[in-house]
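Structure file my_file.txt (compact mmCIF, C-alpha atoms) is printed below.
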# COMPACT_ATOMS: atom_id res chain seq x y z
CA MET V 838 11.12 18.74 15.36
CA ALA V 839 11.02 18.32 11.60
CA SER V 840 7.73 17.23 10.09
CA SER V 841 9.37 14.22 8.46
CA GLY V 842 10.17 12.73 11.88
CA PRO V 843 8.07 10.39 13.98
CA VAL V 844 5.80 13.17 15.28
CA CYS V 845 4.28 16.15 13.51
CA LYS V 846 5.73 19.61 14.08
CA ASP V 847 3.83 21.61 16.71
CA ASP V 848 1.13 18.94 16.83
CA GLY V 849 1.14 18.57 20.58
CA VAL V 850 -1.29 15.65 20.46
CA LYS V 851 -0.09 12.19 21.44
CA SER V 852 -3.31 10.23 21.08
CA VAL V 853 -5.46 9.34 18.10
CA ALA V 854 -8.81 11.08 18.21
CA GLN V 855 -10.48 8.81 15.67
CA SER V 856 -9.68 5.94 13.32
CA GLU V 857 -11.09 5.17 9.90
CA ILE V 858 -10.94 1.85 8.07
CA HIS V 859 -10.87 1.90 4.27
CA CYS V 860 -10.66 -0.90 1.74
CA GLY V 861 -7.89 -0.73 -0.81
CA GLY V 862 -7.56 -2.38 -4.19
CA GLY V 863 -7.13 -6.00 -5.04
CA GLY V 864 -3.83 -6.33 -3.22
CA LEU V 865 -1.72 -7.05 -6.30
CA LEU V 866 1.23 -5.13 -7.62
CA PRO V 867 1.12 -4.14 -11.31
CA SER V 868 1.94 -7.13 -13.49
CA ALA V 869 5.44 -7.18 -14.94
CA SER V 870 5.26 -6.57 -18.66
CA ASN V 871 8.31 -8.63 -19.54
CA ALA V 872 10.82 -11.11 -18.15
CA ASN V 873 13.31 -8.39 -17.24
CA GLN V 874 10.74 -6.64 -15.04
CA ARG V 875 9.81 -9.92 -13.36
CA ASP V 876 13.47 -10.66 -12.70
CA GLY V 877 13.86 -7.19 -11.23
CA PHE V 878 10.90 -7.76 -8.89
CA GLN V 879 12.32 -11.11 -7.82
CA TYR V 880 15.77 -9.72 -7.21
CA HIS V 881 14.47 -6.83 -5.11
CA ALA V 882 12.34 -9.05 -2.86
CA GLU V 883 15.07 -11.65 -2.43
CA ARG V 884 17.63 -8.98 -1.61
CA LEU V 885 15.35 -7.61 1.12
CA ALA V 886 14.74 -11.12 2.45
CA ALA V 887 18.49 -11.84 2.57
CA TYR V 888 19.14 -8.58 4.42
CA ALA V 889 16.46 -9.39 7.02
CA LEU V 890 17.76 -12.94 7.47
CA GLU V 891 21.26 -11.61 8.05
CA ASN V 892 19.89 -9.39 10.83
CA ASP V 893 17.94 -12.28 12.36
CA MET V 894 20.99 -14.54 12.41
CA ALA V 895 23.18 -11.91 14.07
CA LYS V 896 23.30 -11.10 17.79
CA TRP V 897 20.18 -9.62 19.40
CA LEU V 898 20.36 -7.17 22.29
CA THR V 899 17.21 -8.08 24.25
CA PHE V 900 15.64 -6.66 27.40
CA LYS V 901 13.11 -8.98 29.02
CA ALA V 902 10.90 -6.98 31.35
CA SER V 903 10.28 -8.35 34.82
CA ASP V 904 7.22 -8.09 37.04
CA PRO V 905 7.69 -6.03 39.16
CA PRO V 906 9.82 -3.95 36.77
CA ASP V 907 13.52 -3.30 37.21
CA ASP V 908 13.57 0.36 36.24
CA LYS V 909 17.30 0.84 36.66
CA ALA V 910 18.17 -2.12 34.42
CA PHE V 911 15.78 -0.86 31.75
CA GLU V 912 17.16 2.67 31.81
CA ASP V 913 20.68 1.27 31.51
CA PHE V 914 19.58 -0.87 28.55
CA LEU V 915 18.07 2.12 26.74
CA GLN V 916 21.12 4.29 27.34
CA ARG V 917 23.66 1.67 26.25
CA ASN V 918 21.78 0.45 23.19
CA SER V 919 20.28 3.44 21.40
CA PRO V 920 19.67 2.46 17.75
CA SER V 921 21.44 5.52 16.32
CA THR V 922 24.75 4.54 17.96
CA THR V 923 24.48 0.73 17.98
CA GLU V 924 26.21 -0.47 14.83
CA ARG V 925 24.65 -3.17 12.68
CA LEU V 926 26.95 -6.18 12.29
CA GLY V 927 29.83 -4.18 13.76
CA SER V 928 32.43 -5.57 16.17
CA ASP V 929 29.64 -7.25 18.15
CA GLY V 930 27.61 -8.31 15.08
CA ILE V 931 24.31 -6.73 16.23
CA GLY V 932 21.21 -7.54 14.18
CA TRP V 933 18.40 -6.14 16.35
CA VAL V 934 17.72 -4.32 19.61
CA CYS V 935 14.63 -5.85 21.22
CA VAL V 936 12.33 -5.46 24.24
CA ARG V 937 9.75 -7.93 25.56
CA ALA V 938 6.74 -7.23 27.75
CA PRO V 939 6.49 -8.90 31.18
CA HIS V 940 3.47 -11.02 30.18
CA ARG V 941 5.50 -12.46 27.29
CA LEU V 942 8.11 -14.02 29.57
CA HIS V 943 5.84 -16.88 30.56
CA SER V 944 4.73 -17.75 27.02
CA ASP V 945 8.04 -18.25 25.24
CA GLU V 946 7.41 -21.97 25.19
CA ASP V 947 4.34 -21.33 23.04
CA GLU V 948 6.65 -20.28 20.22
CA ASP V 949 7.66 -23.94 19.89
CA LYS V 950 4.16 -24.62 18.60
CA ASP V 951 4.84 -22.46 15.55
CA ASP V 952 5.79 -24.86 12.78
CA VAL V 953 7.85 -22.51 10.60
CA GLU V 954 9.68 -25.37 8.91
CA GLY V 955 6.37 -27.02 8.03
CA LEU V 956 5.09 -23.72 6.65
CA GLU V 957 8.15 -23.29 4.44
CA ASP V 958 7.95 -26.89 3.16
CA ALA V 959 4.26 -26.47 2.33
CA TRP V 960 5.06 -23.21 0.53
CA GLU V 961 7.65 -24.93 -1.63
CA ASP V 962 5.16 -27.68 -2.46
CA LEU V 963 2.53 -25.10 -3.36
CA GLN V 964 4.86 -23.31 -5.76
CA SER V 965 5.81 -26.59 -7.41
CA SER V 966 2.17 -27.54 -7.85
CA GLY V 967 1.41 -24.67 -10.21
CA LYS V 968 -1.70 -23.74 -8.20
CA THR V 969 -2.80 -20.13 -7.83
CA ILE V 970 -0.97 -18.19 -5.12
CA ASN V 971 -2.85 -15.39 -3.41
CA VAL V 972 -3.12 -13.87 0.05
CA ASP V 973 -5.91 -16.23 1.14
CA VAL V 974 -3.74 -19.24 0.37
CA VAL V 975 -0.83 -17.75 2.34
CA LEU V 976 -3.00 -16.95 5.36
CA ASP V 977 -4.55 -20.44 5.26
CA LEU V 978 -1.06 -21.94 5.39
CA ALA V 979 -0.12 -19.60 8.26
CA SER V 980 -3.16 -20.75 10.22
CA GLU V 981 -2.56 -24.43 9.45
CA TYR V 982 1.02 -24.26 10.74
CA LYS V 983 0.20 -21.81 13.57
CA VAL V 984 2.59 -19.12 12.33
CA LEU V 985 0.21 -16.31 13.28
CA CYS V 986 2.38 -13.61 14.82
CA GLY V 987 2.37 -10.26 13.00
CA LYS V 988 3.72 -6.74 13.37
CA TRP V 989 3.16 -3.11 12.61
CA HIS V 990 6.39 -1.73 11.16
CA LEU V 991 7.58 1.80 10.47
CA HIS V 992 10.68 3.38 8.97
CA VAL V 993 12.41 6.26 10.75
CA GLY V 994 15.38 8.52 10.13
CA THR V 995 18.53 8.07 12.17
CA GLY V 996 19.84 10.23 15.02
CA PHE V 997 17.38 11.83 17.43
CA LYS V 998 14.34 10.71 15.42
CA ILE V 999 14.92 6.98 15.78
CA ASP V 1000 16.15 7.21 19.38
CA HIS V 1001 13.08 9.24 20.38
CA ALA V 1002 10.61 6.96 18.57
CA TRP V 1003 12.25 3.77 19.86
CA GLU V 1004 12.38 4.98 23.46
CA GLY V 1005 8.67 5.76 23.46
CA ILE V 1006 7.71 2.39 21.98
CA ALA V 1007 10.14 0.43 24.16
CA ARG V 1008 8.76 2.06 27.33
CA ALA V 1009 5.19 1.25 26.30
CA VAL V 1010 6.06 -2.40 25.53
CA VAL V 1011 7.91 -2.92 28.81
CA ALA V 1012 4.97 -1.35 30.67
CA GLY V 1013 2.63 -3.86 29.01
CA ARG V 1014 0.71 -1.20 27.04
CA CYS V 1015 1.90 -1.90 23.48
CA GLY V 1016 2.14 -5.42 22.08
CA HIS V 1017 4.14 -8.32 23.46
CA SER V 1018 7.52 -7.29 22.00
CA ALA V 1019 9.25 -4.81 19.70
CA LYS V 1020 12.55 -4.56 17.89
CA VAL V 1021 14.54 -1.87 16.10
CA SER V 1022 17.30 -2.14 13.53
CA PRO V 1023 20.65 -0.58 14.54
CA PHE V 1024 22.63 1.97 12.57
CA ASP V 1025 23.89 0.71 9.20
CA SER V 1026 26.49 2.89 7.51
CA ASN V 1027 25.76 1.15 4.21
CA ARG V 1028 22.15 2.32 4.16
CA THR V 1029 22.01 5.91 2.99
CA GLY V 1030 18.25 6.37 2.59
CA ARG V 1031 16.25 9.05 4.38
CA LYS V 1032 14.73 6.53 6.82
CA PRO V 1033 17.24 3.70 7.31
CA HIS V 1034 15.87 2.30 10.59
CA VAL V 1035 12.85 0.02 10.99
CA ILE V 1036 10.81 -0.58 14.15
CA CYS V 1037 8.54 -3.64 14.42
CA VAL V 1038 5.87 -3.98 17.13
CA TYR V 1039 4.26 -7.42 17.50
CA ASN V 1040 0.93 -9.00 18.33
CA ASP V 1041 0.13 -12.71 18.56
CA ASP V 1042 -2.45 -13.20 15.81
CA CYS V 1043 -2.50 -11.65 12.35
CA THR V 1044 -6.09 -12.87 11.89
CA ASP V 1045 -7.41 -11.08 15.00
CA LEU V 1046 -8.60 -7.69 13.71
CA ASP V 1047 -9.35 -6.30 17.17
CA SER V 1048 -5.81 -7.10 18.30
CA ILE V 1049 -4.30 -5.58 15.15
CA PHE V 1050 -6.21 -2.31 15.47
CA GLU V 1051 -5.70 -2.09 19.24
CA LEU V 1052 -1.95 -2.43 18.69
CA GLU V 1053 -2.02 0.31 16.05
CA ALA V 1054 -3.86 2.61 18.46
CA SER V 1055 -1.38 1.88 21.27
CA ILE V 1056 1.53 2.80 18.98
CA ARG V 1057 -0.20 6.06 18.07
CA GLU V 1058 -0.78 6.76 21.76
CA VAL V 1059 3.00 6.82 22.23
CA GLY V 1060 3.14 9.78 19.84
CA ILE V 1061 4.14 7.98 16.66
CA LYS V 1062 2.75 9.68 13.57
CA CYS V 1063 4.75 7.81 10.90
CA HIS V 1064 3.24 5.83 8.04
CA MET V 1065 2.95 2.18 9.22
CA MET V 1066 2.25 -1.18 7.59
CA TYR V 1067 0.93 -4.38 9.19
CA LYS V 1068 2.65 -7.57 8.00
CA PRO V 1069 2.16 -11.19 9.13
CA ASP V 1070 5.35 -13.00 10.09
CA ALA V 1071 4.38 -15.72 7.62
CA PHE V 1072 5.00 -13.21 4.81
CA THR V 1073 8.49 -12.62 6.17
CA TYR V 1074 9.32 -16.33 6.47
CA LEU V 1075 8.10 -16.97 2.91
CA GLY V 1076 10.04 -14.11 1.35
CA ILE V 1077 7.02 -11.97 0.54
CA TYR V 1078 8.67 -8.56 0.38
CA SER V 1079 8.21 -5.58 -1.89
CA LYS V 1080 8.25 -6.40 -5.63
CA ASN V 1081 8.06 -10.16 -5.12
CA ARG V 1082 7.62 -12.71 -7.90
CA TRP V 1083 4.02 -13.52 -6.89
CA GLY V 1084 2.82 -9.93 -7.23
CA LEU V 1085 1.57 -9.82 -3.63
CA VAL V 1086 1.48 -6.64 -1.57
CA PRO V 1087 3.68 -7.55 1.44
CA ALA V 1088 1.26 -6.23 4.07
CA LEU V 1089 -2.40 -6.50 5.08
CA TYR V 1090 -3.02 -2.96 6.32
CA ARG V 1091 -1.59 0.54 5.93
CA SER V 1092 -1.94 3.18 8.65
CA VAL V 1093 -1.48 6.88 7.88
CA TYR V 1094 -1.85 9.59 10.51
CA ASP V 1095 -3.43 12.87 9.41
CA CYS V 1096 -1.77 15.54 11.54
CA ARG V 1097 -4.30 18.23 10.62
CA GLN V 1098 -7.37 16.15 11.41
CA ARG V 1099 -5.58 14.34 14.24
CA LYS V 1100 -6.84 10.90 13.32
CA THR V 1101 -5.62 7.71 11.72
CA ARG V 1102 -6.69 6.36 8.36
CA ILE V 1103 -6.26 2.57 8.11
CA THR V 1104 -6.48 1.04 4.64
CA LYS V 1105 -7.14 -2.65 4.04
CA LEU V 1106 -4.81 -3.76 1.25
CA TYR V 1107 -6.72 -6.91 0.24

Could the structure of this file be written out as structure tokens, please?
Amino acid sequence: MASSGPVCKDDGVKSVAQSEIHCGGGGLLPSASNANQRDGFQYHAERLAAYALENDMAKWLTFKASDPPDDKAFEDFLQRNSPSTTERLGSDGIGWVCVRAPHRLHSDEDEDKDDVEGLEDAWEDLQSSGKTINVDVVLDLASEYKVLCGKWHLHVGTGFKIDHAWEGIARAVVAGRCGHSAKVSPFDSNRTGRKPHVICVYNDDCTDLDSIFELEASIREVGIKCHMMYKPDAFTYLGIYSKNRWGLVPALYRSVYDCRQRKTRITKLY
């Protein structure tokens, strides 16, 4: 397997031997030097947000694991909906392929407690007020409106690489070993980059460090060696993507796996 894929060539190790936590910089992107640069940042972030919203509004292919598990149904789901052959917004208008852990089935009603609309209204008010916007303010709003879900996300090349990575994560989620849910973007013929697919693996609380790091370790246990970022869902709802107008880094943590030392390096971005 090529070294640019989800696992390192000839590594042979599927678990993380050791993790390190490092603090990064101040969490701000370089300031735009003129209005044109600021407009460029804004356009890039808003374009990413629009793309993600389009996926969210499209049809989801979702497997909800049962307890006890229905192995045949799950195998059929994996075979029929591999991300490399499922077309984004094609004839069926597919936005995401998703799996949910068995323990998540009984807590769907808890999602109603997330006041996303209240969060977005408060965000608009904050911007109009002229007050300083930083990551602490965003996380305070997320806590106030109980929008606390977050995810580790990784970008993967298409073909065998994405199918292999997704199958491993999906199996771990359905078995209850890796977060409460995960999703993968389908094939998009309009995206020509080296790693056009994204996988997101979720936990319930972006302020719970133990949960965040345990989820990272469980993803590594599957055999994933890709660069990963941890992002609160509140960032997504508020349009905090790369090169945004507020100069915020759109993630809290970065995870990089060192194939030679066989351990993870986690960097705190704020």

Cut-off 10 Å: closest region 974-1004 of chain V/region 1063-1082 of chain V atom pairs per residue, using all atoms listed in the file, as JSON lines:
{"residue": "V:Val975", "atom": "CA", "partner": "V:Ala1071", "partner_atom": "CA", "distance": 7.7}
{"residue": "V:Leu976", "atom": "CA", "partner": "V:Ala1071", "partner_atom": "CA", "distance": 7.8}
{"residue": "V:Leu978", "atom": "CA", "partner": "V:Ala1071", "partner_atom": "CA", "distance": 8.6}
{"residue": "V:Ala979", "atom": "CA", "partner": "V:Ala1071", "partner_atom": "CA", "distance": 6.0}
{"residue": "V:Ser980", "atom": "CA", "partner": "V:Ala1071", "partner_atom": "CA", "distance": 9.4}
{"residue": "V:Tyr982", "atom": "CA", "partner": "V:Ala1071", "partner_atom": "CA", "distance": 9.7}
{"residue": "V:Lys983", "atom": "CA", "partner": "V:Ala1071", "partner_atom": "CA", "distance": 9.5}
{"residue": "V:Val984", "atom": "CA", "partner": "V:Ala1071", "partner_atom": "CA", "distance": 6.1}
{"residue": "V:Leu985", "atom": "CA", "partner": "V:Pro1069", "partner_atom": "CA", "distance": 6.9}
{"residue": "V:Cys986", "atom": "CA", "partner": "V:Asp1070", "partner_atom": "CA", "distance": 5.6}
{"residue": "V:Gly987", "atom": "CA", "partner": "V:Pro1069", "partner_atom": "CA", "distance": 4.0}
{"residue": "V:Lys988", "atom": "CA", "partner": "V:Lys1068", "partner_atom": "CA", "distance": 5.5}
{"residue": "V:Trp989", "atom": "CA", "partner": "V:Tyr1067", "partner_atom": "CA", "distance": 4.3}
{"residue": "V:His990", "atom": "CA", "partner": "V:Met1066", "partner_atom": "CA", "distance": 5.5}
{"residue": "V:Leu991", "atom": "CA", "partner": "V:Met1065", "partner_atom": "CA", "distance": 4.8}
{"residue": "V:His992", "atom": "CA", "partner": "V:Cys1063", "partner_atom": "CA", "distance": 7.6}
{"residue": "V:Val993", "atom": "CA", "partner": "V:Cys1063", "partner_atom": "CA", "distance": 7.8}
{"residue": "V:Ala1002", "atom": "CA", "partner": "V:Cys1063", "partner_atom": "CA", "distance": 9.7}

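Atom pair CA of Lys998 (chain V) / CA of Pro906 (chain V): separated by 26.3 Å.
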
For CA of Glu1051 (chain V) and CA of Val953 (chain V), the interatomic separation in Å (one decimal): 26.0 Å

Closest of V:Ala1007, V:Leu963, V:Leu890, V:Gly1060 to Arg1099 (chain V) - atom-to-atom distances counting all atoms listed in the file: V:Gly1060

Distance table requested - region 965-1028 of chain V against region 908-926 of chain V, cut-off 9 Å, all atoms listed in the file: one row per qualifying residue with the closest atom pair and its distance in Å to one decimal, ordered by chain and rising residue number, as a Markdown table.
| residue | atom | partner | partner_atom | distance |
| --- | --- | --- | --- | --- |
| V:Thr995 | CA | V:Ser921 | CA | 5.7 |
| V:Gly996 | CA | V:Ser921 | CA | 5.1 |
| V:Phe997 | CA | V:Ser921 | CA | 7.6 |
| V:Lys998 | CA | V:Ser921 | CA | 8.8 |
| V:Ile999 | CA | V:Ser921 | CA | 6.7 |
| V:Asp1000 | CA | V:Ser919 | CA | 5.9 |
| V:Trp1003 | CA | V:Pro920 | CA | 7.8 |
| V:Glu1004 | CA | V:Leu915 | CA | 7.2 |
| V:Ala1007 | CA | V:Leu915 | CA | 8.5 |
| V:Arg1008 | CA | V:Phe911 | CA | 8.8 |
| V:Val1011 | CA | V:Phe911 | CA | 8.7 |
| V:Val1021 | CA | V:Pro920 | CA | 6.9 |
| V:Ser1022 | CA | V:Pro920 | CA | 6.7 |
| V:Pro1023 | CA | V:Pro920 | CA | 4.5 |
| V:Phe1024 | CA | V:Glu924 | CA | 4.9 |
| V:Asp1025 | CA | V:Arg925 | CA | 5.3 |
| V:Ser1026 | CA | V:Glu924 | CA | 8.1 |

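Restricting the calculation to all atoms listed in the file, the smallest distance between Arg1097 (chain V) and any of V:Lys1032, V:His1001, V:Lys1062, V:Arg1014 is found for V:Lys1062.
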
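Across the structure, CA of Glu954 (chain V) and CA of Val974 (chain V) are spaced 17.0 Å apart.
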
Please determine, counting only C-alpha atoms, which residue among V:Leu1052, V:Ser1092, V:Lys1100, V:Trp1083 has the shortest atom-to-atom distance to Ile970 (chain V). V:Trp1083

Contact residues around region 938-940 of chain V with all atoms listed in the file at 10 Å, ignoring same-chain residues under 5 positions, as a CSV table (one decimal) with C-alpha atoms, keeping the file's coordinate frame:
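Saved to around-v1.csv:
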chain,number,residue,atom,x,y,z
V,900,PHE,CA,15.6,-6.7,27.4
V,901,LYS,CA,13.1,-9.0,29.0
V,902,ALA,CA,10.9,-7.0,31.4
V,903,SER,CA,10.3,-8.4,34.8
V,904,ASP,CA,7.2,-8.1,37.0
V,905,PRO,CA,7.7,-6.0,39.2
V,906,PRO,CA,9.8,-4.0,36.8
V,945,ASP,CA,8.0,-18.2,25.2
V,1007,ALA,CA,10.1,0.4,24.2
V,1008,ARG,CA,8.8,2.1,27.3
V,1009,ALA,CA,5.2,1.2,26.3
V,1010,VAL,CA,6.1,-2.4,25.5
V,1011,VAL,CA,7.9,-2.9,28.8
V,1012,ALA,CA,5.0,-1.4,30.7
V,1013,GLY,CA,2.6,-3.9,29.0
V,1014,ARG,CA,0.7,-1.2,27.0
V,1015,CYS,CA,1.9,-1.9,23.5
V,1016,GLY,CA,2.1,-5.4,22.1
V,1017,HIS,CA,4.1,-8.3,23.5
V,1018,SER,CA,7.5,-7.3,22.0
V,1019,ALA,CA,9.2,-4.8,19.7

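Using all atoms listed in the file, the shortest contact distance between Asp952 (chain V) and any of V:Gly932, V:Glu981, V:Leu1085, V:Val972 is found at V:Glu981.
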